[in-house]
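J.: What follows is coords.csv; its format and atoms are CSV, C-alpha atoms.
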chain,number,residue,atom,x,y,z
J,1,MET,CA,-134.1,31.5,-9.9
J,2,SER,CA,-130.9,29.5,-9.9
J,3,TYR,CA,-132.1,27.6,-13.0
J,4,ARG,CA,-132.5,30.8,-14.8
J,5,THR,CA,-129.0,31.9,-13.9
J,6,ILE,CA,-127.6,28.6,-15.2
J,7,ASP,CA,-129.7,28.9,-18.3
J,8,ARG,CA,-128.5,32.4,-18.8
J,9,GLY,CA,-124.9,31.3,-18.3
J,10,ALA,CA,-125.3,28.5,-20.7
J,11,ALA,CA,-126.8,30.8,-23.3
J,12,ALA,CA,-123.9,33.3,-22.8
J,13,THR,CA,-121.3,30.5,-23.6
J,14,PRO,CA,-120.3,30.8,-27.3
J,15,GLU,CA,-121.7,27.9,-29.3
J,16,PRO,CA,-118.3,26.4,-30.5
J,17,VAL,CA,-117.1,26.4,-26.8
J,18,ALA,CA,-120.3,24.9,-25.5
J,19,ARG,CA,-120.1,22.2,-28.2
J,20,LYS,CA,-116.5,21.4,-27.2
J,21,ILE,CA,-117.4,21.1,-23.5
J,22,ARG,CA,-120.4,18.9,-24.2
J,23,GLY,CA,-118.1,16.5,-26.1
J,24,LEU,CA,-115.5,16.2,-23.2
J,25,SER,CA,-115.4,13.2,-20.9
J,26,ASP,CA,-115.6,13.6,-17.1
J,27,ARG,CA,-111.9,12.7,-16.9
J,28,ALA,CA,-111.0,15.4,-19.3
J,29,ILE,CA,-113.0,18.0,-17.5
J,30,ALA,CA,-111.4,17.0,-14.2
J,31,TRP,CA,-108.0,17.4,-15.8
J,32,ILE,CA,-109.0,20.9,-17.0
J,33,PHE,CA,-109.8,21.8,-13.4
J,34,VAL,CA,-106.6,20.3,-12.0
J,35,ALA,CA,-104.2,21.5,-14.7
J,36,PRO,CA,-103.7,25.1,-13.3
J,37,THR,CA,-102.7,23.7,-9.9
J,38,ILE,CA,-100.3,21.2,-11.5
J,39,PHE,CA,-98.8,23.9,-13.7
J,40,LEU,CA,-98.3,26.2,-10.7
J,41,LEU,CA,-96.7,23.3,-8.7
J,42,LEU,CA,-94.3,22.5,-11.5
J,43,ALA,CA,-93.5,26.2,-11.9
J,44,ILE,CA,-93.0,27.0,-8.2
J,45,ASN,CA,-91.6,23.8,-6.8
J,46,ILE,CA,-90.3,21.4,-9.4
J,47,PHE,CA,-88.7,23.8,-11.9
J,48,PRO,CA,-86.6,25.6,-9.2
J,49,LEU,CA,-85.5,22.2,-7.8
J,50,ILE,CA,-84.4,21.0,-11.2
J,51,TRP,CA,-82.7,24.3,-11.9
J,52,THR,CA,-80.9,24.2,-8.5
J,53,ILE,CA,-79.7,20.7,-9.2
J,54,ARG,CA,-78.3,21.9,-12.6
J,55,LEU,CA,-76.6,24.9,-11.0
J,56,SER,CA,-75.0,22.7,-8.4
J,57,PHE,CA,-72.8,21.2,-11.1
J,58,THR,CA,-71.6,24.7,-12.3
J,59,ASN,CA,-69.5,27.5,-10.9
J,60,TYR,CA,-72.3,30.0,-11.5
J,61,LYS,CA,-72.2,33.3,-9.6
J,62,ALA,CA,-75.5,35.2,-9.5
J,63,ASN,CA,-73.7,38.6,-9.2
J,64,ARG,CA,-71.9,38.0,-12.6
J,65,ILE,CA,-74.8,37.2,-14.9
J,66,ASN,CA,-72.9,38.0,-18.0
J,67,ARG,CA,-70.3,35.3,-17.3
J,68,GLU,CA,-71.2,32.0,-18.8
J,69,PRO,CA,-71.3,29.3,-16.0
J,70,GLU,CA,-68.8,26.5,-16.4
J,71,TRP,CA,-69.7,22.9,-15.9
J,72,ILE,CA,-67.5,21.6,-13.1
J,73,GLY,CA,-69.1,18.2,-12.4
J,74,LEU,CA,-69.1,17.1,-8.7
J,75,ARG,CA,-66.4,19.6,-7.6
J,76,ASN,CA,-68.9,21.7,-5.5
J,77,TYR,CA,-70.1,18.5,-3.7
J,78,GLU,CA,-66.5,17.4,-3.1
J,79,ARG,CA,-65.5,20.8,-1.6
J,80,ILE,CA,-68.5,21.0,0.7
J,81,LEU,CA,-68.1,17.4,2.0
J,82,THR,CA,-64.5,17.8,2.7
J,83,ASP,CA,-64.8,21.2,4.4
J,84,SER,CA,-64.2,21.0,8.1
J,85,ASP,CA,-66.0,24.3,8.7
J,86,ILE,CA,-69.2,23.0,7.2
J,87,TRP,CA,-68.7,19.9,9.3
J,88,LEU,CA,-68.7,22.1,12.4
J,89,ASN,CA,-71.9,23.9,11.1
J,90,MET,CA,-73.5,20.5,10.8
J,91,GLN,CA,-72.6,19.7,14.4
J,92,ALA,CA,-74.0,23.0,15.6
J,93,THR,CA,-77.2,22.2,13.7
J,94,ALA,CA,-77.3,18.7,15.2
J,95,HIS,CA,-76.9,20.2,18.8
J,96,PHE,CA,-79.7,22.7,18.1
J,97,LEU,CA,-81.9,20.1,16.6
J,98,ILE,CA,-81.5,17.3,19.2
J,99,TRP,CA,-81.8,19.5,22.2
J,100,THR,CA,-84.7,21.7,21.0
J,101,ILE,CA,-86.8,18.6,20.0
J,102,PHE,CA,-85.9,16.9,23.3
J,103,PHE,CA,-87.0,19.8,25.5
J,104,GLN,CA,-90.0,20.8,23.4
J,105,VAL,CA,-91.4,17.3,23.4
J,106,LEU,CA,-90.8,16.8,27.2
J,107,ILE,CA,-92.2,20.2,28.3
J,108,GLY,CA,-94.9,20.3,25.6
J,109,PHE,CA,-96.2,16.9,26.6
J,110,ALA,CA,-96.1,17.8,30.3
J,111,LEU,CA,-98.0,21.0,29.7
J,112,ALA,CA,-100.6,19.3,27.6
J,113,TRP,CA,-101.0,16.7,30.3
J,114,LEU,CA,-101.6,19.4,32.9
J,115,ILE,CA,-103.9,21.5,30.7
J,116,ASN,CA,-105.9,18.4,29.9
J,117,LYS,CA,-106.9,18.2,33.6
J,118,LYS,CA,-110.1,20.2,34.1
J,119,PHE,CA,-109.4,23.1,36.4
J,120,LYS,CA,-110.5,26.7,36.8
J,121,GLY,CA,-108.9,29.2,34.3
J,122,ASN,CA,-108.0,26.3,32.0
J,123,ASP,CA,-108.7,28.3,28.8
J,124,LEU,CA,-106.9,31.4,30.1
J,125,TRP,CA,-103.8,29.4,30.8
J,126,THR,CA,-103.9,27.8,27.4
J,127,THR,CA,-104.1,31.2,25.7
J,128,ILE,CA,-101.2,32.5,27.8
J,129,ILE,CA,-99.0,29.5,27.1
J,130,VAL,CA,-99.7,29.7,23.3
J,131,LEU,CA,-98.8,33.4,23.1
J,132,PRO,CA,-95.0,33.0,22.3
J,133,MET,CA,-95.9,30.9,19.2
J,134,MET,CA,-97.9,33.8,17.8
J,135,LEU,CA,-95.0,36.3,17.8
J,136,SER,CA,-92.7,36.9,14.9
J,137,PRO,CA,-89.3,35.1,15.2
J,138,ALA,CA,-87.5,38.5,14.5
J,139,VAL,CA,-89.4,40.1,17.4
J,140,VAL,CA,-88.6,37.1,19.7
J,141,GLY,CA,-85.0,37.2,18.7
J,142,ASN,CA,-84.8,40.9,19.4
J,143,PHE,CA,-86.3,40.9,22.9
J,144,TRP,CA,-84.5,37.8,24.0
J,145,LYS,CA,-81.3,39.7,23.1
J,146,PHE,CA,-82.3,42.2,25.7
J,147,LEU,CA,-83.2,39.5,28.2
J,148,TYR,CA,-79.8,38.0,27.7
J,149,GLN,CA,-77.9,41.3,28.3
J,150,PRO,CA,-75.4,40.7,31.0
J,151,GLN,CA,-75.9,44.1,32.7
J,152,ILE,CA,-79.6,44.7,32.4
J,153,GLY,CA,-81.0,41.4,31.2
J,154,LEU,CA,-83.7,39.7,33.3
J,155,PHE,CA,-82.4,36.2,32.4
J,156,ASN,CA,-79.0,36.8,34.0
J,157,TYR,CA,-80.7,38.2,37.1
J,158,ILE,CA,-82.9,35.1,37.5
J,159,ILE,CA,-79.9,32.8,37.0
J,160,ALA,CA,-78.0,34.9,39.5
J,161,PHE,CA,-80.9,34.7,42.0
J,162,PHE,CA,-80.8,30.9,41.9
J,163,THR,CA,-77.1,30.2,41.6
J,164,GLY,CA,-75.6,33.1,43.6
J,165,LYS,CA,-73.4,34.2,40.7
J,166,GLU,CA,-72.9,37.8,39.7
J,167,PRO,CA,-75.4,38.6,36.9
J,168,SER,CA,-72.7,40.2,34.8
J,169,SER,CA,-70.2,37.3,35.3
J,170,PHE,CA,-71.6,35.4,32.3
J,171,GLU,CA,-72.8,36.3,28.8
J,172,MET,CA,-75.3,33.9,27.2
J,173,LEU,CA,-74.8,35.2,23.7
J,174,GLY,CA,-71.1,36.0,23.9
J,175,GLN,CA,-69.6,32.9,25.4
J,176,VAL,CA,-68.7,30.0,23.2
J,177,ASN,CA,-70.0,27.4,25.7
J,178,LEU,CA,-73.3,29.2,26.4
J,179,ALA,CA,-74.3,30.6,23.0
J,180,PRO,CA,-75.5,27.2,21.6
J,181,TRP,CA,-77.7,26.8,24.7
J,182,SER,CA,-79.1,30.3,24.4
J,183,ILE,CA,-80.6,29.6,21.0
J,184,VAL,CA,-81.9,26.2,22.3
J,185,ILE,CA,-83.7,28.1,25.2
J,186,VAL,CA,-85.3,30.7,23.0
J,187,ASP,CA,-86.5,28.1,20.4
J,188,THR,CA,-87.9,25.9,23.2
J,189,TRP,CA,-89.6,28.9,24.7
J,190,MET,CA,-91.2,29.9,21.4
J,191,TRP,CA,-92.2,26.5,20.0
J,192,THR,CA,-93.1,24.3,23.0
J,193,PRO,CA,-96.7,25.6,22.8
J,194,PHE,CA,-97.0,24.2,19.3
J,195,VAL,CA,-95.9,20.7,20.6
J,196,MET,CA,-98.3,21.2,23.5
J,197,LEU,CA,-101.3,21.9,21.2
J,198,ILE,CA,-100.6,18.8,19.1
J,199,CYS,CA,-100.2,16.7,22.3
J,200,LEU,CA,-103.4,18.2,23.7
J,201,ALA,CA,-105.3,17.2,20.6
J,202,GLY,CA,-103.9,13.7,21.1
J,203,LEU,CA,-104.9,13.6,24.7
J,204,ARG,CA,-108.4,14.9,24.1
J,205,SER,CA,-108.9,12.2,21.4
J,206,ILE,CA,-108.6,9.4,24.0
J,207,PRO,CA,-112.1,8.3,25.0
J,208,ASP,CA,-112.9,8.3,28.7
J,209,TYR,CA,-114.3,4.7,28.6
J,210,ILE,CA,-110.8,3.3,28.1
J,211,TYR,CA,-109.6,4.8,31.4
J,212,GLU,CA,-112.8,3.7,33.1
J,213,ALA,CA,-112.2,0.1,31.8
J,214,ALA,CA,-108.6,0.3,33.2
J,215,GLU,CA,-110.0,1.6,36.5
J,216,VAL,CA,-112.3,-1.4,36.7
J,217,ASP,CA,-109.3,-3.7,36.0
J,218,ARG,CA,-107.6,-1.9,38.9
J,219,ALA,CA,-104.7,-0.6,36.7
J,220,SER,CA,-102.6,1.9,38.6
J,221,LYS,CA,-102.3,5.6,37.3
J,222,LEU,CA,-98.8,4.9,36.2
J,223,ARG,CA,-99.8,1.8,34.3
J,224,GLN,CA,-102.7,3.7,32.7
J,225,PHE,CA,-100.2,6.4,31.6
J,226,PHE,CA,-97.8,4.0,30.0
J,227,THR,CA,-100.3,1.6,28.4
J,228,ILE,CA,-103.1,4.0,27.4
J,229,THR,CA,-101.9,7.6,27.3
J,230,VAL,CA,-98.4,7.3,25.8
J,231,PRO,CA,-99.3,4.8,23.0
J,232,MET,CA,-102.4,6.8,22.0
J,233,VAL,CA,-100.6,10.1,21.9
J,234,LEU,CA,-97.6,8.7,20.2
J,235,PRO,CA,-98.7,9.4,16.5
J,236,PHE,CA,-99.4,13.0,17.5
J,237,LEU,CA,-96.0,13.3,19.2
J,238,MET,CA,-94.3,11.9,16.1
J,239,LEU,CA,-96.1,14.4,14.0
J,240,ALA,CA,-94.9,17.2,16.3
J,241,VAL,CA,-91.3,15.8,16.1
J,242,LEU,CA,-91.5,15.7,12.3
J,243,PHE,CA,-92.7,19.3,12.0
J,244,ARG,CA,-90.3,20.7,14.5
J,245,GLY,CA,-87.4,18.6,13.1
J,246,ILE,CA,-87.9,19.9,9.6
J,247,GLU,CA,-88.5,23.4,10.8
J,248,ASN,CA,-85.4,23.5,13.0
J,249,PHE,CA,-83.2,22.0,10.4
J,250,LYS,CA,-84.1,25.1,8.3
J,251,MET,CA,-83.9,27.5,11.3
J,252,PHE,CA,-82.6,30.9,10.2
J,253,ASP,CA,-84.4,34.1,11.4
J,254,LEU,CA,-84.4,33.5,15.1
J,255,VAL,CA,-80.7,32.6,15.3
J,256,VAL,CA,-79.6,35.4,13.0
J,257,GLN,CA,-81.4,37.9,15.1
J,258,LEU,CA,-80.0,36.5,18.4
J,259,THR,CA,-76.4,35.6,17.7
J,260,GLY,CA,-75.8,36.1,13.9
J,261,GLY,CA,-74.0,32.8,14.0
J,262,GLY,CA,-71.5,33.9,16.6
J,263,PRO,CA,-69.4,34.0,18.7
J,264,GLY,CA,-67.0,32.8,16.0
J,265,SER,CA,-69.2,30.2,14.2
J,266,THR,CA,-70.5,28.3,17.3
J,267,THR,CA,-74.1,29.0,16.4
J,268,GLU,CA,-73.7,29.2,12.7
J,269,LEU,CA,-76.4,26.7,11.6
J,270,THR,CA,-76.3,25.3,8.1
J,271,SER,CA,-79.0,27.6,6.8
J,272,ILE,CA,-77.1,30.7,8.0
J,273,ASN,CA,-73.9,29.4,6.4
J,274,LEU,CA,-75.8,28.6,3.2
J,275,LYS,CA,-77.2,32.1,3.0
J,276,ARG,CA,-73.7,33.5,3.5
J,277,GLU,CA,-72.4,31.4,0.6
J,278,ALA,CA,-75.3,32.3,-1.7
J,279,PHE,CA,-75.8,36.0,-0.9
J,280,GLU,CA,-72.7,37.3,0.7
J,281,LYS,CA,-69.9,35.4,-1.2
J,282,TRP,CA,-72.2,35.0,-4.2
J,283,ARG,CA,-71.0,31.4,-4.8
J,284,THR,CA,-74.4,30.4,-6.3
J,285,GLY,CA,-73.3,27.0,-7.8
J,286,TYR,CA,-71.6,26.0,-4.5
J,287,ALA,CA,-74.6,27.2,-2.5
J,288,SER,CA,-76.9,25.2,-4.8
J,289,ALA,CA,-74.9,22.0,-4.1
J,290,TYR,CA,-75.1,22.8,-0.4
J,291,ALA,CA,-78.9,23.3,-0.6
J,292,ILE,CA,-79.3,19.9,-2.4
J,293,ILE,CA,-77.3,18.2,0.3
J,294,LEU,CA,-79.7,19.7,3.0
J,295,PHE,CA,-82.7,18.9,0.9
J,296,VAL,CA,-81.8,15.2,0.5
J,297,THR,CA,-81.2,15.0,4.2
J,298,VAL,CA,-84.5,16.5,5.2
J,299,PHE,CA,-86.3,14.5,2.5
J,300,GLY,CA,-84.8,11.3,3.8
J,301,LEU,CA,-85.7,12.1,7.4
J,302,ALA,CA,-89.2,13.0,6.4
J,303,SER,CA,-89.6,9.6,4.6
J,304,ILE,CA,-88.5,7.7,7.8
J,305,TYR,CA,-90.9,9.8,9.9
J,306,VAL,CA,-93.9,9.3,7.5
J,307,LYS,CA,-93.2,5.6,7.5
J,308,ALA,CA,-93.0,5.4,11.3
J,309,LEU,CA,-96.2,7.5,11.6
J,310,ASN,CA,-98.1,5.1,9.3
J,311,LYS,CA,-96.9,2.2,11.3
J,312,VAL,CA,-98.0,3.7,14.6
J,313,LYS,CA,-101.4,4.6,13.1
J,314,GLU,CA,-101.9,1.0,11.9
J,315,ARG,CA,-101.5,-0.3,15.5
C,316,MET,CA,-84.2,-13.4,9.7
C,317,THR,CA,-85.1,-16.0,7.0
C,318,SER,CA,-88.3,-14.2,6.3
C,319,PHE,CA,-86.4,-10.9,6.0
C,320,LEU,CA,-84.0,-12.4,3.5
C,321,ASN,CA,-86.9,-14.1,1.6
C,322,GLY,CA,-88.6,-10.7,1.4
C,323,LEU,CA,-85.5,-9.1,0.0
C,324,LEU,CA,-85.1,-11.8,-2.6
C,325,ARG,CA,-88.8,-11.6,-3.6
C,326,LEU,CA,-88.6,-7.8,-3.8
C,327,ARG,CA,-91.2,-7.2,-1.0
C,328,ARG,CA,-91.7,-3.6,0.3
C,329,GLY,CA,-91.3,-4.2,4.1
C,330,PRO,CA,-87.7,-5.5,4.2
C,331,TRP,CA,-86.5,-3.2,1.4
C,332,GLU,CA,-88.0,-0.2,3.2
C,333,LEU,CA,-86.2,-1.2,6.3
C,334,VAL,CA,-82.8,-1.4,4.4
C,335,ALA,CA,-83.5,2.1,2.9
C,336,THR,CA,-84.5,3.5,6.3
C,337,ILE,CA,-81.3,2.2,7.9
C,338,LEU,CA,-79.2,3.7,5.1
C,339,ILE,CA,-80.9,7.1,5.6
C,340,ALA,CA,-80.4,7.0,9.4
C,341,ILE,CA,-76.7,6.0,9.0
C,342,GLY,CA,-76.3,8.8,6.4
C,343,VAL,CA,-77.8,11.5,8.6
C,344,PHE,CA,-75.8,10.3,11.6
C,345,MET,CA,-72.6,10.4,9.5
C,346,LEU,CA,-73.5,13.9,8.4
C,347,MET,CA,-73.8,15.3,11.9
C,348,GLN,CA,-71.5,13.2,14.0
C,349,PRO,CA,-68.5,15.0,15.6
C,350,PHE,CA,-66.0,12.1,15.5
C,351,VAL,CA,-64.4,11.5,12.0
C,352,ILE,CA,-64.5,13.7,8.9
C,353,TRP,CA,-64.4,10.8,6.5
C,354,ALA,CA,-67.9,9.8,7.7
C,355,PHE,CA,-69.1,13.3,7.0
C,356,THR,CA,-67.5,13.1,3.5
C,357,TYR,CA,-69.4,9.9,2.6
C,358,SER,CA,-72.6,10.9,4.4
C,359,PHE,CA,-74.3,12.5,1.4
C,360,ILE,CA,-73.9,9.5,-0.9
C,361,VAL,CA,-75.3,7.1,1.8
C,362,THR,CA,-78.3,9.4,2.5
C,363,LEU,CA,-78.9,9.9,-1.3
C,364,VAL,CA,-78.8,6.1,-2.0
C,365,GLY,CA,-81.1,5.5,1.0
C,366,THR,CA,-83.6,8.2,-0.1
C,367,VAL,CA,-83.7,7.1,-3.7
C,368,MET,CA,-84.0,3.5,-2.7
C,369,PHE,CA,-86.9,4.4,-0.3
C,370,ILE,CA,-88.8,6.2,-3.2
C,371,ILE,CA,-88.3,3.2,-5.4
C,372,VAL,CA,-89.1,0.4,-2.9
C,373,SER,CA,-92.2,2.1,-1.6
C,374,HIS,CA,-93.8,1.1,-4.9
C,375,PHE,CA,-92.9,-2.6,-4.3
C,376,PRO,CA,-95.8,-5.0,-3.4
C,377,GLU,CA,-96.5,-5.7,0.3
Reformat the file's structure so that it appears as structure tokens.
T.:
Amino acid sequence: MSYRTIDRGAAATPEPVARKIRGLSDRAIAWIFVAPTIFLLLAINIFPLIWTIRLSFTNYKANRINREPEWIGLRNYERILTDSDIWLNMQATAHFLIWTIFFQVLIGFALAWLINKKFKGNDLWTTIIVLPMMLSPAVVGNFWKFLYQPQIGLFNYIIAFFTGKEPSSFEMLGQVNLAPWSIVIVDTWMWTPFVMLICLAGLRSIPDYIYEAAEVDRASKLRQFFTITVPMVLPFLMLAVLFRGIENFKMFDLVVQLTGGGPGSTTELTSINLKREAFEKWRTGYASAYAIILFVTVFGLASIYVKALNKVKER
Amino acid sequence: MTSFLNGLLRLRRGPWELVATILIAIGVFMLMQPFVIWAFTYSFIVTLVGTVMFIIVSHFPE
């Protein structure tokens, strides 16, 4: 049956085309199959990147398409890298990045370690813990906004219950010293399950006989944890840090929904600032230079992480 | 230390990758540190040199 289909297909191929295909080497045929993907990759990834690099040296404004962009060399880069407001945005991003990764790794690993222990309702708890990750960042941002309300928000009441403070005496999203922590809390709440899942995969990949051998050698639980569990989960943890690091460096939707970058510019992360420059002030050339700076930073960080990951895997 | 310098002179991947990695790490720290603005100003060029160096030296022999 299948032979007949093939024969029919071969018979339907026009003779000049069939002759051409018969004359092609395996390598050429492989290239024919791969070419559309390479073309798409060039069109969607490489071309915009090169175009952005080109624009970063001009004063192009996307809302004035009739005006010819002027070549201004490195002036955009100079302006960005001497701007104290952008420096503050970078510090806000660093605060967000460092603390979210710290808490997510710490809590994610702890949760994975607990879930890995066999107990009743294990699967149900895993599903419940993973739920926040499945929500849309816009939805999460919106309902955390309600939770942070000083008058009616549940978060303020919980803090008030433990500290004895008045619930309306502090405003998580409105106070300069609390707003950066409010976005850290929400991102940690949302993305800790992701880190937990990766850690859980790592923990479940450790064979039981290693622990049994350690038991025979009378290694304590603490020693087993630091000499077996941690080193074997480390590549997975580094992968989680890499993913979360890159994602949080680009964080936009959640923070825009929660604080919009405020109060003032205390939670204005680089991506929010970049969007303002590109689509509110329409300084496209300037925003392109800004994007290239962020791209090089993320690319550099990713290179370090990939190298470290390979090294850990080799061990 | 001697083997590291020998590796650099003989264009080996390991030591050169280490130099590139240190440059990237310094560049990212300079970009996000809250202490001096001149470090922020020169952060990009340091990160760029480190990243380009990393791409090139990762093709060096082991």
J.: Check every residue of chain C for an atom within 9 Å of chain J, counting all atoms listed in the file, and provide those that qualify as a ChimeraX atom specification.
T.: /C:332,335-336,339-340,342-343,346-349,352-353,355-359,362-363,365-367,369-370
J.: Let me have the centre and edge lengths in Å, one decimal, of the box along x, y and z around every listed atom of stretch 344-351 of chain C with 5 Å of margin on each side, as lines of an AutoDock Vina configuration file.
T.:
center_x = -70.1
center_y = 12.8
center_z = 12.0
size_x = 21.4
size_y = 15.0
size_z = 17.2
J.: In Å, rounded to a single decimal, give me how far atom CA of J:Phe295 is from atom CA of J:Pro48.
T.: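 Atom CA of J:Phe295 lies at a distance of 12.7 Å from atom CA of J:Pro48.
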J.: Could you give me, as a PDB file with C-alpha atoms, in the coordinates of the input, the residues within 7 Å of stretch 274-287 of chain J, counting all atoms listed in the file and dropping anything in the same chain fewer than 6 positions from it?
T.:
ATOM      1  CA  LEU J  55     -76.600  24.900 -11.000  1.00  0.00           C
ATOM      2  CA  SER J  56     -75.000  22.700  -8.400  1.00  0.00           C
ATOM      3  CA  PHE J  57     -72.800  21.200 -11.100  1.00  0.00           C
ATOM      4  CA  THR J  58     -71.600  24.700 -12.300  1.00  0.00           C
ATOM      5  CA  ASN J  59     -69.500  27.500 -10.900  1.00  0.00           C
ATOM      6  CA  TYR J  60     -72.300  30.000 -11.500  1.00  0.00           C
ATOM      7  CA  LYS J  61     -72.200  33.300  -9.600  1.00  0.00           C
ATOM      8  CA  ALA J  62     -75.500  35.200  -9.500  1.00  0.00           C
ATOM      9  CA  ASN J  63     -73.700  38.600  -9.200  1.00  0.00           C
ATOM     10  CA  ASN J  76     -68.900  21.700  -5.500  1.00  0.00           C
TER      11      ASN J  76
END
J.: Would you mind reading off the distance between atom CA of C:Ile360 and atom CA of C:Met345, one decimal, in Å?
T.: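 Between atom CA of C:Ile360 and atom CA of C:Met345 the gap is 10.5 Å.
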J.: Between atom CA of J:Ser169 and atom CA of J:Pro150, what is the distance in Å, rounded to a tenth?
T.: 7.6 Å
J.: Show me the residues around (-93.9, -4.2, 0.2) - criterion: an atom at most 8 Å away, only C-alpha atoms counted - as a list in words.
T.: Leu326, Arg327, Arg328, Gly329, Pro330, Trp331, Glu332, Val372, Ser373, His374, Phe375, Pro376 and Glu377 of chain C
J.: Which residues are close to J:Met232, i.e. within 8 Å by all atoms listed in the file, leaving aside same-chain residues fewer than 2 positions away? Reply as JSON, numbers by chain.
T.: {"J": [202, 203, 206, 228, 229, 230, 234, 235]}
J.: Restricting it to C-alpha atoms, dump the selection as a PDB file, in the frame of the given file.
T.:
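Result written to part.pdb:
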ATOM      1  CA  GLY J 202    -103.900  13.700  21.100  1.00  0.00           C
ATOM      2  CA  LEU J 203    -104.900  13.600  24.700  1.00  0.00           C
ATOM      3  CA  ILE J 206    -108.600   9.400  24.000  1.00  0.00           C
ATOM      4  CA  ILE J 228    -103.100   4.000  27.400  1.00  0.00           C
ATOM      5  CA  THR J 229    -101.900   7.600  27.300  1.00  0.00           C
ATOM      6  CA  VAL J 230     -98.400   7.300  25.800  1.00  0.00           C
ATOM      7  CA  LEU J 234     -97.600   8.700  20.200  1.00  0.00           C
ATOM      8  CA  PRO J 235     -98.700   9.400  16.500  1.00  0.00           C
TER       9      PRO J 235
END
J.: Neighbours of J:Phe96 within 10 Å (only C-alpha atoms; same-chain residues fewer than 4 positions away dropped), as a list in words?
T.: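 Residues meeting the cut-off are Met90, Gln91, Ala92, Thr100, Ile101, Phe102, Pro180, Trp181, Ser182, Ile183, Val184, Ile185, Asp187, Asn248, Phe249, Met251, Thr267 and Leu269 of chain J.
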